[in-house]
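Text of the file target-v4.pdb, holding PDB, C-alpha atoms:
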```pdb
ATOM      1  CA  MET A   1       0.000   0.000   0.000
ATOM      2  CA  ARG A   2       2.836   2.395   0.882
ATOM      3  CA  GLN A   3       4.495   1.672  -2.435
ATOM      4  CA  ILE A   4       1.300   2.558  -4.318
ATOM      5  CA  VAL A   5       1.016   5.878  -2.440
ATOM      6  CA  LYS A   6       4.686   6.671  -3.145
ATOM      7  CA  ASN A   7       4.197   5.865  -6.826
ATOM      8  CA  MET A   8       1.103   8.061  -7.013
ATOM      9  CA  ILE A   9       2.896  10.979  -5.335
ATOM     10  CA  GLY A  10       5.846  10.558  -7.707
ATOM     11  CA  LEU A  11       3.531  10.492 -10.718
ATOM     12  CA  CYS A  12       1.777  13.656  -9.512
ATOM     13  CA  LEU A  13       5.112  15.463  -9.068
ATOM     14  CA  ILE A  14       6.283  14.467 -12.554
ATOM     15  CA  SER A  15       2.950  15.562 -14.071
ATOM     16  CA  ALA A  16       3.079  18.910 -12.278
ATOM     17  CA  THR A  17       6.632  19.494 -13.527
ATOM     18  CA  VAL A  18       5.725  18.705 -17.134
ATOM     19  CA  ILE A  19       2.619  20.893 -17.056
ATOM     20  CA  SER A  20       4.442  23.820 -15.422
ATOM     21  CA  CYS A  21       7.110  23.706 -18.151
ATOM     22  CA  ASP A  22       4.549  24.100 -20.944
ATOM     23  CA  ASP A  23       4.601  27.835 -21.747
ATOM     24  CA  SER A  24       1.424  27.645 -23.792
ATOM     25  CA  LEU A  25      -0.500  26.749 -20.636
ATOM     26  CA  ASN A  26       1.143  29.304 -18.348
ATOM     27  CA  ASN A  27       1.597  32.179 -20.777
ATOM     28  CA  PRO A  28      -0.382  31.780 -24.005
ATOM     29  CA  VAL A  29       0.638  35.263 -25.165
ATOM     30  CA  ASP A  30       4.024  36.611 -24.149
ATOM     31  CA  GLY A  31       3.755  40.318 -23.348
ATOM     32  CA  ASP A  32       1.801  43.051 -25.059
ATOM     33  CA  VAL A  33       0.698  41.771 -28.467
ATOM     34  CA  ARG A  34       0.209  45.368 -29.572
ATOM     35  CA  SER A  35       3.950  46.028 -29.259
ATOM     36  CA  LYS A  36       4.736  42.973 -31.370
ATOM     37  CA  ILE A  37       2.434  43.961 -34.241
ATOM     38  CA  GLU A  38       2.974  47.716 -34.182
ATOM     39  CA  GLY A  39       4.468  48.999 -37.421
ATOM     40  CA  THR A  40       4.076  48.934 -41.196
ATOM     41  CA  TRP A  41       2.574  45.856 -42.870
ATOM     42  CA  HIS A  42       2.410  44.691 -46.475
ATOM     43  CA  VAL A  43      -1.179  43.748 -47.280
ATOM     44  CA  GLU A  44      -2.368  41.157 -49.789
ATOM     45  CA  GLU A  45      -6.119  41.610 -49.930
ATOM     46  CA  ASN A  46      -8.761  39.631 -51.794
ATOM     47  CA  SER A  47     -12.131  41.302 -52.045
ATOM     48  CA  LYS A  48     -15.371  40.466 -53.795
ATOM     49  CA  VAL A  49     -15.516  43.980 -55.276
ATOM     50  CA  PHE A  50     -11.847  44.757 -56.066
ATOM     51  CA  SER A  51     -10.396  41.236 -56.507
ATOM     52  CA  LYS A  52      -6.726  41.122 -55.460
ATOM     53  CA  THR A  53      -4.910  44.236 -54.309
ATOM     54  CA  SER A  54      -1.652  44.999 -52.513
ATOM     55  CA  TYR A  55      -0.880  48.026 -50.381
ATOM     56  CA  LEU A  56       0.669  49.090 -47.071
ATOM     57  CA  ALA A  57      -1.121  49.513 -43.750
ATOM     58  CA  GLU A  58       0.096  50.835 -40.421
ATOM     59  CA  ILE A  59      -0.777  49.359 -37.021
ATOM     60  CA  SER A  60      -0.319  51.474 -33.913
ATOM     61  CA  LYS A  61      -1.345  51.292 -30.282
ATOM     62  CA  HIS A  62      -4.515  53.061 -29.253
ATOM     63  CA  GLN A  63      -3.520  56.165 -27.324
ATOM     64  CA  TYR A  64      -5.926  55.633 -24.398
ATOM     65  CA  ASP A  65      -7.060  51.994 -24.395
ATOM     66  CA  SER A  66      -4.490  49.245 -23.750
ATOM     67  CA  THR A  67      -6.778  46.642 -25.353
ATOM     68  CA  ARG A  68      -7.065  48.399 -28.739
ATOM     69  CA  ILE A  69      -5.057  49.195 -31.846
ATOM     70  CA  TYR A  70      -5.488  51.511 -34.812
ATOM     71  CA  ILE A  71      -5.220  50.041 -38.329
ATOM     72  CA  ASP A  72      -4.438  52.892 -40.696
ATOM     73  CA  ASN A  73      -5.218  52.431 -44.398
ATOM     74  CA  ILE A  74      -7.222  49.242 -43.880
ATOM     75  CA  TYR A  75      -9.098  48.357 -47.084
ATOM     76  CA  ASN A  76      -6.696  50.773 -48.808
ATOM     77  CA  VAL A  77      -8.852  53.646 -47.573
ATOM     78  CA  ASP A  78      -7.094  56.754 -46.313
ATOM     79  CA  SER A  79      -8.640  56.310 -42.876
ATOM     80  CA  TYR A  80      -8.277  54.027 -39.877
ATOM     81  CA  ALA A  81     -10.285  51.428 -38.010
ATOM     82  CA  GLU A  82      -9.948  50.351 -34.412
ATOM     83  CA  ALA A  83      -9.558  46.730 -33.331
ATOM     84  CA  ILE A  84      -9.782  45.054 -29.941
ATOM     85  CA  VAL A  85      -6.820  42.851 -29.001
ATOM     86  CA  ASN A  86      -7.528  39.700 -26.988
ATOM     87  CA  GLY A  87      -4.454  37.489 -27.023
ATOM     88  CA  ARG A  88      -3.669  36.888 -30.687
ATOM     89  CA  THR A  89      -7.295  37.461 -31.716
ATOM     90  CA  LEU A  90      -8.162  40.855 -33.170
ATOM     91  CA  THR A  91     -11.761  42.020 -33.459
ATOM     92  CA  ILE A  92     -12.834  44.956 -35.577
ATOM     93  CA  PRO A  93     -16.106  46.012 -33.986
ATOM     94  CA  ASP A  94     -18.774  47.411 -36.282
ATOM     95  CA  GLN A  95     -17.730  50.999 -36.991
ATOM     96  CA  THR A  96     -17.873  53.657 -39.674
ATOM     97  CA  MET A  97     -14.571  55.004 -40.903
ATOM     98  CA  GLN A  98     -13.984  58.419 -42.414
ATOM     99  CA  GLY A  99     -15.541  58.550 -45.869
ATOM    100  CA  GLY A 100     -18.564  56.532 -44.753
ATOM    101  CA  PHE A 101     -16.978  53.076 -45.000
ATOM    102  CA  ARG A 102     -18.607  50.710 -42.492
ATOM    103  CA  ILE A 103     -16.308  47.841 -41.438
ATOM    104  CA  TYR A 104     -16.344  44.875 -39.053
ATOM    105  CA  GLY A 105     -14.495  41.569 -38.803
ATOM    106  CA  THR A 106     -11.772  39.524 -37.129
ATOM    107  CA  GLY A 107      -8.099  38.772 -37.440
ATOM    108  CA  THR A 108      -5.627  36.266 -36.063
ATOM    109  CA  VAL A 109      -1.982  36.984 -35.315
ATOM    110  CA  SER A 110       0.393  34.085 -36.010
ATOM    111  CA  LYS A 111       2.361  32.589 -33.120
ATOM    112  CA  ASP A 112       5.593  34.160 -34.405
ATOM    113  CA  TYR A 113       3.849  37.553 -34.894
ATOM    114  CA  ASN A 114       4.937  37.660 -38.548
ATOM    115  CA  GLN A 115       1.495  37.376 -40.103
ATOM    116  CA  ILE A 116      -2.023  38.584 -39.462
ATOM    117  CA  THR A 117      -4.878  36.885 -41.275
ATOM    118  CA  TRP A 118      -8.018  38.997 -41.552
ATOM    119  CA  GLN A 119     -11.631  38.450 -42.567
ATOM    120  CA  TYR A 120     -13.772  41.564 -42.640
ATOM    121  CA  THR A 121     -16.798  43.036 -44.312
ATOM    122  CA  VAL A 122     -16.967  46.548 -45.746
ATOM    123  CA  ASP A 123     -19.953  48.601 -46.859
ATOM    124  CA  ASP A 124     -18.964  51.744 -48.772
ATOM    125  CA  GLY A 125     -22.379  53.264 -48.188
ATOM    126  CA  SER A 126     -23.993  51.702 -51.231
ATOM    127  CA  SER A 127     -25.260  48.754 -49.138
ATOM    128  CA  GLN A 128     -23.205  46.394 -51.317
ATOM    129  CA  LEU A 129     -21.255  44.324 -48.803
ATOM    130  CA  ASP A 130     -17.679  43.474 -49.742
ATOM    131  CA  ASN A 131     -16.414  40.333 -48.021
ATOM    132  CA  VAL A 132     -12.653  40.597 -47.708
ATOM    133  CA  THR A 133      -9.788  38.315 -46.734
ATOM    134  CA  ALA A 134      -6.365  39.825 -46.191
ATOM    135  CA  VAL A 135      -2.929  38.672 -45.117
ATOM    136  CA  TYR A 136      -0.613  41.160 -43.434
ATOM    137  CA  THR A 137       3.139  40.518 -43.372
ATOM    138  CA  PRO A 138       5.831  42.826 -41.960
ATOM    139  CA  TYR A 139       7.084  45.447 -44.397
TER     140      TYR A 139
END
```
File written out as structure tokens:
Amino acid sequence: MRQIVKNMIGLCLISATVISCDDSLNNPVDGDVRSKIEGTWHVEENSKVFSKTSYLAEISKHQYDSTRIYIDNIYNVDSYAEAIVNGRTLTIPDQTMQGGFRIYGTGTVSKDYNQITWQYTVDDGSSQLDNVTAVYTPY
């Protein structure tokens, strides 16, 4: 009986050590994601309306909210949208950008922070929805 208890305690200690060494369980996102994605990005965008386009976009930290970023020139529009950062998930809440462009969608930052994959919808005011996929890579 003592041997069984000793074996169980040993197994628990080994399991706890293995689990505590797994960074993805203890720290799924290392630091401020906003700092890791801040900067200029090359955009490859595929839209229902404009087909494939390439351009540059700029991501910067929101000046007052530590959970948000600005995405300047999203959809190749000379305006910006705000996104909420939750780990490596980015959410563009429904909003109207300058020029009357309504936008909403989501994005995912890769584990190495070298790519952001987006899916968003844009309405330019004509009520024709443009479903867009875009891949951002560092410029």
What separates atom CA of A:Tyr139 and atom CA of A:Tyr55 is a distance of 10.3 Å
What residues come out when you apply the PyMOL selection byres ((chain A and resi 36) around 12) to this file, written as an MDAnalysis selection string?
chainID A and resid 29:35 37:40 59:61 69 85 87:88 109:116 138
Neighbour list for A:Asp130 as number ranges by chain, cut-off 9 Å, only C-alpha atoms, skip fewer than 4 positions in-chain: A: 47-50, 120-124
- prompt: Which neighbours of A:Pro93 fall inside 7 Å, counting all atoms listed in the file, when residues of the same chain fewer than 6 positions from it are skipped, and could you give them as a ChimeraX atom specification?
  reply: /A:83,104-105
- [ ] Would you translate the PyMOL selection byres ((chain A and resi 106) around 8) into the concrete set of residues it matches in this file, as JSON, numbers by chain?
- [x] {"A": [89, 90, 91, 92, 104, 105, 107, 108, 118, 119, 120]}
Store the residues of this selection in a file with C-alpha atoms, as a PDB file, keeping the file's coordinate frame.
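To be explicit, this is the file written out as out09.pdb:
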```pdb
ATOM      1  CA  THR A  89      -7.295  37.461 -31.716  1.00  0.00           C
ATOM      2  CA  LEU A  90      -8.162  40.855 -33.170  1.00  0.00           C
ATOM      3  CA  THR A  91     -11.761  42.020 -33.459  1.00  0.00           C
ATOM      4  CA  ILE A  92     -12.834  44.956 -35.577  1.00  0.00           C
ATOM      5  CA  TYR A 104     -16.344  44.875 -39.053  1.00  0.00           C
ATOM      6  CA  GLY A 105     -14.495  41.569 -38.803  1.00  0.00           C
ATOM      7  CA  GLY A 107      -8.099  38.772 -37.440  1.00  0.00           C
ATOM      8  CA  THR A 108      -5.627  36.266 -36.063  1.00  0.00           C
ATOM      9  CA  TRP A 118      -8.018  38.997 -41.552  1.00  0.00           C
ATOM     10  CA  GLN A 119     -11.631  38.450 -42.567  1.00  0.00           C
ATOM     11  CA  TYR A 120     -13.772  41.564 -42.640  1.00  0.00           C
TER      12      TYR A 120
END
```
If we count only C-alpha atoms, what is near A:Gln98 at a cut-off of 10 Å, once residues fewer than 3 positions away on the same chain are taken out, given as JSON, numbers by chain?
{"A": [77, 78, 79, 80, 81, 95, 101, 102]}
re atom CA of A:Asn73 and atom CA of A:His42: distance 11.1 Å
(request) State, in Å with one decimal place, the distance from atom CA of A:Gly100 to atom CA of A:Asn86. (result)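 We find that atom CA of A:Gly100 and atom CA of A:Asn86 lie 26.8 Å from each other.
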Which residues, named as in the file, does the PyMOL selection byres ((chain A and resi 53) around 12) pick out? Answer as a PyMOL selection string.
chain A and resi 42-52+54-56+74-76+132-135
